[in-house]
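Structure file final_7.cif (mmCIF, C-alpha atoms) is printed below.
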```cif
data_start
loop_
_atom_site.group_PDB
_atom_site.id
_atom_site.type_symbol
_atom_site.label_atom_id
_atom_site.label_comp_id
_atom_site.auth_asym_id
_atom_site.auth_seq_id
_atom_site.Cartn_x
_atom_site.Cartn_y
_atom_site.Cartn_z
ATOM 1 C CA MET A 1 79.085 172.846 153.031
ATOM 2 C CA THR A 2 76.527 173.326 150.284
ATOM 3 C CA HIS A 3 76.644 176.489 148.221
ATOM 4 C CA VAL A 4 73.397 177.942 146.952
ATOM 5 C CA PHE A 5 73.711 179.719 143.622
ATOM 6 C CA SER A 6 71.300 182.313 142.322
ATOM 7 C CA ARG A 7 72.743 182.841 138.837
ATOM 8 C CA VAL A 8 75.290 181.420 136.470
ATOM 9 C CA LEU A 9 76.906 183.975 134.172
ATOM 10 C CA THR A 10 78.858 182.854 131.146
ATOM 11 C CA THR A 11 81.136 184.726 128.847
ATOM 12 C CA ALA A 12 83.010 183.422 125.815
ATOM 13 C CA SER A 13 85.441 181.363 127.874
ATOM 14 C CA THR A 14 84.558 181.993 131.520
ATOM 15 C CA LEU A 15 81.968 180.482 133.831
ATOM 16 C CA VAL A 16 81.161 182.690 136.821
ATOM 17 C CA LEU A 17 79.042 181.468 139.720
ATOM 18 C CA LEU A 18 77.570 184.092 142.021
ATOM 19 C CA VAL A 19 77.239 182.690 145.532
ATOM 20 C CA VAL A 20 74.380 184.326 147.421
ATOM 21 C CA GLY A 21 74.308 182.183 150.509
ATOM 22 C CA THR A 22 75.573 179.021 152.089
ATOM 23 C CA SER A 23 73.992 176.458 154.313
ATOM 24 C CA CYS A 24 75.572 173.565 156.163
ATOM 25 C CA SER A 25 72.591 171.608 157.385
ATOM 26 C CA ALA A 26 69.108 171.798 158.777
ATOM 27 C CA PRO A 27 68.755 173.029 162.367
ATOM 28 C CA VAL A 28 68.697 170.452 165.174
ATOM 29 C CA VAL A 29 65.384 170.343 167.043
ATOM 30 C CA ASN A 30 65.741 170.841 170.807
ATOM 31 C CA PHE A 31 62.085 170.964 171.900
ATOM 32 C CA ALA A 32 59.377 169.705 171.443
ATOM 33 C CA LYS A 33 61.177 166.399 170.951
ATOM 34 C CA CYS A 34 60.049 164.430 167.952
ATOM 35 C CA GLY A 35 57.675 161.617 168.837
ATOM 36 C CA MET A 36 57.042 162.662 172.435
ATOM 37 C CA ILE A 37 53.393 162.393 173.446
ATOM 38 C CA ALA A 38 52.208 165.501 175.239
ATOM 39 C CA LYS A 39 49.293 166.328 177.454
ATOM 40 C CA TRP A 40 47.109 168.990 175.866
ATOM 41 C CA PRO A 41 48.869 172.155 177.068
ATOM 42 C CA ASP A 42 47.052 174.792 179.100
ATOM 43 C CA ALA A 43 49.438 177.485 177.868
ATOM 44 C CA PRO A 44 51.470 178.201 174.734
ATOM 45 C CA ILE A 45 54.410 175.905 174.063
ATOM 46 C CA THR A 46 57.913 176.824 172.963
ATOM 47 C CA LEU A 47 59.461 175.221 169.899
ATOM 48 C CA GLU A 48 63.275 175.448 169.990
ATOM 49 C CA TRP A 49 66.154 174.610 167.660
ATOM 50 C CA GLU A 50 69.905 175.119 167.386
ATOM 51 C CA GLN A 51 71.611 177.851 165.396
ATOM 52 C CA VAL A 52 72.812 177.122 161.861
ATOM 53 C CA ASP A 53 75.830 178.916 160.379
ATOM 54 C CA GLY A 54 74.777 181.396 157.726
ATOM 55 C CA ALA A 55 71.177 181.749 158.928
ATOM 56 C CA SER A 56 70.011 185.212 159.940
ATOM 57 C CA SER A 57 66.456 184.058 160.707
ATOM 58 C CA TYR A 58 64.373 180.894 160.761
ATOM 59 C CA SER A 59 61.028 179.773 159.374
ATOM 60 C CA VAL A 60 58.719 177.167 160.876
ATOM 61 C CA GLU A 61 55.934 175.214 159.207
ATOM 62 C CA VAL A 62 53.312 173.626 161.448
ATOM 63 C CA ASP A 63 50.867 170.989 160.242
ATOM 64 C CA CYS A 64 47.749 169.554 161.864
ATOM 65 C CA LEU A 65 46.461 165.974 161.886
ATOM 66 C CA ASN A 66 42.751 165.787 160.994
ATOM 67 C CA CYS A 67 42.173 169.562 161.200
ATOM 68 C CA ARG A 68 39.694 171.697 159.318
ATOM 69 C CA ASN A 69 37.791 168.663 158.049
ATOM 70 C CA GLN A 70 39.418 169.080 154.645
ATOM 71 C CA PRO A 71 36.937 168.699 151.778
ATOM 72 C CA VAL A 72 39.353 166.462 149.871
ATOM 73 C CA THR A 73 38.511 163.055 148.465
ATOM 74 C CA PRO A 74 39.996 160.837 149.622
ATOM 75 C CA PRO A 75 40.531 162.599 152.961
ATOM 76 C CA VAL A 76 44.140 163.319 153.880
ATOM 77 C CA PRO A 77 45.276 163.005 157.475
ATOM 78 C CA TRP A 78 47.842 165.845 157.502
ATOM 79 C CA PHE A 79 46.477 169.171 156.302
ATOM 80 C CA SER A 80 49.576 170.046 154.231
ATOM 81 C CA THR A 81 49.154 166.925 152.087
ATOM 82 C CA SER A 82 46.127 168.700 150.587
ATOM 83 C CA GLY A 83 48.668 170.915 148.799
ATOM 84 C CA THR A 84 48.474 173.950 151.107
ATOM 85 C CA PRO A 85 50.587 174.530 154.221
ATOM 86 C CA TRP A 86 48.531 174.762 157.414
ATOM 87 C CA GLN A 87 50.635 177.470 159.118
ATOM 88 C CA VAL A 88 54.033 179.011 158.304
ATOM 89 C CA ARG A 89 55.816 181.579 160.475
ATOM 90 C CA ASP A 90 58.844 183.497 159.133
ATOM 91 C CA GLY A 91 61.444 185.816 160.639
ATOM 92 C CA LEU A 92 62.027 183.864 163.860
ATOM 93 C CA GLY A 93 65.038 183.612 166.154
ATOM 94 C CA LEU A 94 66.003 180.306 167.841
ATOM 95 C CA SER A 95 62.558 179.636 169.307
ATOM 96 C CA TRP A 96 58.867 180.301 168.831
ATOM 97 C CA VAL A 97 56.307 180.529 171.624
ATOM 98 C CA THR A 98 53.048 179.434 170.048
ATOM 99 C CA ASP A 99 49.482 178.583 170.947
ATOM 100 C CA VAL A 100 49.209 176.200 167.992
ATOM 101 C CA PRO A 101 48.100 173.218 170.157
ATOM 102 C CA LYS A 102 45.013 175.219 171.197
ATOM 103 C CA THR A 103 44.181 175.747 167.518
ATOM 104 C CA VAL A 104 44.849 172.068 166.745
ATOM 105 C CA ARG A 105 42.386 171.047 169.461
ATOM 106 C CA SER A 106 39.739 173.610 168.440
ATOM 107 C CA GLU A 107 39.879 172.371 164.839
ATOM 108 C CA GLY A 108 39.410 168.744 165.839
ATOM 109 C CA GLY A 109 43.007 167.663 165.424
ATOM 110 C CA ARG A 110 44.879 165.253 167.655
ATOM 111 C CA ALA A 111 48.502 165.913 166.732
ATOM 112 C CA MET A 112 50.749 168.512 165.203
ATOM 113 C CA ARG A 113 53.976 168.216 163.306
ATOM 114 C CA TRP A 114 56.529 170.902 162.643
ATOM 115 C CA ARG A 115 59.769 171.563 160.827
ATOM 116 C CA VAL A 116 62.226 174.448 160.797
ATOM 117 C CA TRP A 117 64.814 175.840 158.410
ATOM 118 C CA GLY A 118 67.339 178.658 158.341
ATOM 119 C CA VAL A 119 67.137 181.636 156.002
ATOM 120 C CA SER A 120 70.210 183.659 155.009
ATOM 121 C CA ARG A 121 70.385 187.449 155.039
ATOM 122 C CA GLU A 122 69.861 187.285 151.259
ATOM 123 C CA GLY A 123 66.629 185.291 151.682
ATOM 124 C CA VAL A 124 68.060 181.937 150.617
ATOM 125 C CA GLU A 125 66.361 179.064 152.458
ATOM 126 C CA GLY A 126 68.473 176.254 153.869
ATOM 127 C CA PRO A 127 67.404 172.628 154.194
ATOM 128 C CA LYS A 128 64.341 171.858 156.319
ATOM 129 C CA THR A 129 64.391 169.466 159.238
ATOM 130 C CA GLU A 130 62.399 166.278 158.924
ATOM 131 C CA TRP A 131 58.831 166.598 160.233
ATOM 132 C CA CYS A 132 58.763 166.413 164.024
ATOM 133 C CA VAL A 133 55.460 164.832 165.143
ATOM 134 C CA LEU A 134 53.896 165.793 168.480
ATOM 135 C CA PRO A 135 50.710 163.840 169.331
ATOM 136 C CA PHE A 136 48.486 165.048 172.181
ATOM 137 C CA SER A 137 46.265 163.219 174.667
ATOM 138 C CA ASP A 138 44.300 164.177 177.778
ATOM 139 C CA SER A 139 46.731 162.306 180.028
ATOM 140 C CA GLY A 140 50.000 162.813 178.180
ATOM 141 C CA LEU A 141 50.058 159.041 177.572
ATOM 142 C CA PRO A 142 49.291 157.185 174.347
ATOM 143 C CA THR A 143 45.622 156.500 173.743
ATOM 144 C CA PRO A 144 45.175 152.707 173.927
ATOM 145 C CA GLY A 145 44.788 151.254 170.457
ATOM 146 C CA ALA A 146 45.463 154.554 168.682
ATOM 147 C CA PRO A 147 48.364 154.546 166.231
ATOM 148 C CA ILE A 148 51.119 157.113 166.701
ATOM 149 C CA PRO A 149 50.988 159.464 163.669
ATOM 150 C CA GLU A 150 53.987 159.609 161.343
#
```

What does this structure look like when you write it as structure tokens?
Amino acid sequence: MTHVFSRVLTTASTLVLLVVGTSCSAPVVNFAKCGMIAKWPDAPITLEWEQVDGASSYSVEVDCLNCRNQPVTPPVPWFSTSGTPWQVRDGLGLSWVTDVPKTVRSEGGRAMRWRVWGVSREGVEGPKTEWCVLPFSDSGLPTPGAPIPE
């Protein structure tokens, strides 16, 4: 278990650590499975993860591959690598029903990636999951010759 400390108080001979929250690990992603190739959805999708001890809510960051035609030189494939998150949603339970793929498609993207983390009652963020990449195609199958995004 990792303890997250907000302050360290010292007196003449005493060190006092104030524990404001604890976190064990990042949540485990249940759906959409990392690396699966999906057909462009006709309806919102549900992102799901497992509960983490000490978390009272969860936050999700979603990123888009080749969205918004970023005016960055050289161009960056994932929007968040420009230095700004694409979309972040806070205050979630164990899932999020989202229409993000529709936005990805409308902005010219071809994949999304997402990660989730727990947040304690005190507002302390736990560790984030690794990015979970979800490429889309018209058939739900890989596009011949197209690399799978990482």

For a quick check of understanding, using only C-alpha atoms, which of A:Ser25, A:Ser59, A:Thr81, A:Ser120 has the smallest distance to Ser95 in chain A?
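Answer, going by the shortest atom-to-atom distance: A:Ser59.
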
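One distance worth recording is that between CA of Leu94 in chain A and CA of Gln51 in chain A, which is 6.6 Å.
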
Taking all atoms of range 89-99 of chain A that the file lists, what box with edges along x, y and z, padded by 5 Å per side, do you get, with centre and edge lengths in Å to one decimal, as AutoDock Vina command-line options?
```
--center_x 57.7 --center_y 182.2 --center_z 165.4 --size_x 26.5 --size_y 17.2 --size_z 22.5
```

Take the PyMOL selection byres ((chain A and resi 98) around 7), run it mentally on this structure, and tell me the resulting residues as number ranges by chain.
A: 44-46, 96-97, 99-100

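Proximity ranking of A:Ala55, A:Val62, A:Leu92, A:Cys67 relative to Trp131 in chain A places A:Val62 first, based on only C-alpha atoms.
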
Just the residues within 7 Å of Ala26 in chain A, please, counting all atoms listed in the file, with nothing from its chain fewer than 2 positions along; format it as number ranges by chain.
A: 28, 117, 126-129
